[in-house]
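Heads up: the structure comes next, in structure tokens.
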Number of protein chains: 2
Amino acid sequence: MGDFSIGQLAAAAETKVQTIRYYEEIGVMPRVARTGGGQRRYASGDLKRLAFIRHARDLGFSIEAIRTLLGLQDRPDHSCEAADAIAGARLAEVEQRIAKLEALRAELKRMLASCRHGKVAECRVIEVLADHGQCAHEAH
Amino acid sequence: MGDFSIGQLAAAAETKVQTIRYYEEIGVMPRVARTGGGQRRYASGDLKRLAFIRHARDLGFSIEAIRTLLGLQDRPDHSCEAADAIAGARLAEVEQRIAKLEALRAELKRMLASCRHGKVAECRVIEVLADHGQCAHEAH
DNA sequence: CTAATCTCTACAGTGACTGTAGCTTCAAGG
DNA sequence: CCTTGAAGCTACAGTCACTGTAGAGATTAG
């Protein structure tokens with residue numbers, strides 16, 4: 001069971017060294033024991049915690065949400081309702097974001113398709129940007 | 001035609017007053033004339049420029065991209081190639097983002113669907129977050 | 001023992017705003 | 001003309017989640 005330096009931990013979790021120190025500072029990673037010279041030494045449990053955090057971040061959870069999820073992990077007997085609520089909220093966010101981006105994609109495609117690739121004066125891309133009224137979708 | 005205060009301009013463009021001052025500071029909005037007492041007074045051309053910026057921002061263009069697009073507007077005889085390139089790059093970004101979010105949505109749905117809503121100890125949501133290996137998609 | 005690599009702290013910078021404090025100016029009503 | 005309340009002014013701090021830098025000290029392989 002490991003006795004990693006911060007660099008080894010970073011490599012193992014595909015993170016940057018600074019990010020780990022930042023996580024320690026904001027309290028989502030623990031303040032671990034130090035060598036005589038003051039360098040951090042991590043164990044395998046710390047790697048698991050960091051992997052959890054990174055994975056949740058990759059899924060777009062905020063640090064605050066992760067803080068709650070980490071807190072839940074420490075109370076295994078508790079109902080997981082709160083975890084479900086957080087994941088559910090994240091799903092709703094993602095679905096909204098997708099809908100918005102799809103409208104945006106359509107708009108950009110339309111813009112690009114109608115451009116005749118001539119002079120700026122008659123460029124549809126510039127024109128559409130200048131006049132919201134020419135947008136197909138009112139959404140944004 | 002117009003002789004707006006900053007508040008009226010903000011209302012007309014559905015922006016905040018501070019945002020307009022920020023745009024002035026970073027040089028995408030002009031430093032306009034002031035009243036004797038030092039308050040900004042805008043004309044209709046300024047509203048058009050602000051609307052252009054806001055619309056482009058709503059479509060997700062960065063301020064740097066917008067700076068270039070605004071520069072192009074001032075050279076109507078120039079080819080609009082650069083504008084097309086910027087819009088094309090934005091479209092590619094949006095498509096990538098959508099693909100990533102769709103993978104994410106699938107992941108979150110799977111997580112939530114397999115949770116039995118019991119104790120934290122056997123919660124699939126927590127479990128999947130802890131172990132990346134349980135993800136269906138390797139993408140992220 | 002030395003040289004190369006790593007790690008340390010502390011702080012500044014990113015993007016695109018947003019919010020706050022403590023003032024001054026403006027416009028409308030009396 | 002005067003007051004009052006809303007709106008404007010500057011300057012700066014805060015947001016989020018890192019990322020980068022400087023200048024020092026620690027560790028490790030040869």
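Ordered as shown in the structure tokens, chains take letters A, B, and onward, while each chain numbers its residues from 1 and ligands are numbered from 1 in the order shown.
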- Message: Would you mind listing, as a PyMOL selection string, all residues of chain B that have at least one atom within 9 Å of chain C, where only C-alpha atoms (C1' of nucleotides) are what counts?
- Response: chain B and resi 18-19+22+37-39+62-63
Determine, for each residue of stretch 60-115 of chain B having at least one atom at most 7 Å from an atom of stretch 101-119 of chain A, the closest pair of atoms and their separation in Å to one decimal, counting only C-alpha atoms; order by chain and ascending number, as CSV.
residue,atom,partner,partner_atom,distance
B:Pro76,CA,A:Lys119,CA,6.4
B:Asp77,CA,A:Lys119,CA,5.6
B:His78,CA,A:Lys119,CA,5.5
B:Ser79,CA,A:Lys119,CA,4.3
B:Cys80,CA,A:Lys119,CA,5.3
B:Glu81,CA,A:His117,CA,6.4
B:Asp84,CA,A:Leu112,CA,6.7
B:Ala87,CA,A:Leu108,CA,6.8
B:Leu91,CA,A:Leu108,CA,6.1
B:Val94,CA,A:Arg105,CA,6.4
B:Ile98,CA,A:Leu101,CA,6.7
Store the residues of this selection in a file with N, CA and C atoms, as a CSV table (one decimal), in the first residue's frame.
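After the write, selection_36.csv holds the following:
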chain,number,residue,atom,x,y,z
B,76,PRO,N,-15.7,46.5,-44.7
B,76,PRO,CA,-16.7,45.8,-45.5
B,76,PRO,C,-16.2,45.2,-46.8
B,77,ASP,N,-15.1,45.8,-47.3
B,77,ASP,CA,-14.6,45.4,-48.6
B,77,ASP,C,-13.8,44.1,-48.5
B,78,HIS,N,-13.4,43.8,-47.3
B,78,HIS,CA,-12.5,42.7,-47.0
B,78,HIS,C,-13.3,41.4,-47.2
B,79,SER,N,-12.6,40.3,-47.6
B,79,SER,CA,-13.2,39.0,-47.7
B,79,SER,C,-13.7,38.6,-46.3
B,80,CYS,N,-14.8,37.8,-46.2
B,80,CYS,CA,-15.3,37.4,-45.0
B,80,CYS,C,-14.9,36.0,-44.5
B,81,GLU,N,-13.8,35.6,-45.1
B,81,GLU,CA,-13.2,34.3,-44.8
B,81,GLU,C,-12.9,34.1,-43.3
B,84,ASP,N,-16.0,33.4,-41.4
B,84,ASP,CA,-16.5,32.1,-41.6
B,84,ASP,C,-15.6,31.1,-40.7
B,87,ALA,N,-16.7,31.3,-37.1
B,87,ALA,CA,-18.0,30.6,-36.9
B,87,ALA,C,-17.9,29.1,-37.1
B,91,LEU,N,-18.7,26.2,-34.4
B,91,LEU,CA,-19.6,25.1,-34.6
B,91,LEU,C,-18.9,23.8,-34.2
B,94,VAL,N,-19.0,23.5,-30.5
B,94,VAL,CA,-20.3,23.1,-30.0
B,94,VAL,C,-20.6,21.7,-30.3
B,98,ILE,N,-21.5,18.9,-27.4
B,98,ILE,CA,-22.7,18.2,-27.4
B,98,ILE,C,-22.4,16.7,-27.3
- Would you kindly report the residues of chain B within 12 Å of chain D, using only C-alpha atoms (C1' of nucleotides), as a ChimeraX atom specification? /B:5-8,17-18,21,34-35,37-41
- Using atom CA of A:Ala92 and atom CA of A:Ile53 as the two end points, give the distance in Å to one decimal. 20.6 Å
- Item | Selected residue of minimal separation from chain B among A:Glu95, A:Glu25, A:Glu64, A:Asp3, counting only C-alpha atoms |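 Under the stated criterion, the closest residue is A:Glu95.
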- Message: I'd like to know which residues of stretch 6-122 of chain B are strand (DSSP E or B) (by DSSP, run on the backbone); could you write them as a ChimeraX atom specification?
- Response: /B:34,40,42,79,119
- Do you have the atom CA of B:Ala12-atom CA of B:Leu47 distance handy?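 So the answer is 7.6 Å.
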- Item | Residue contacts of B:Lys48 (12 Å, only C-alpha atoms (C1' of nucleotides)) excluding same-chain residues fewer than 4 positions away, as JSON, numbers by chain | {"A": [127, 129, 130, 131, 132], "B": [2, 9, 10, 12, 13, 29, 42, 43, 44, 52, 53, 54, 55, 70, 73]}
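Between chain A and the candidates B:Gly27, B:Gly71, B:Gly88, B:Gly36, the tightest atom-to-atom separation, counting only C-alpha atoms, involves B:Gly88.
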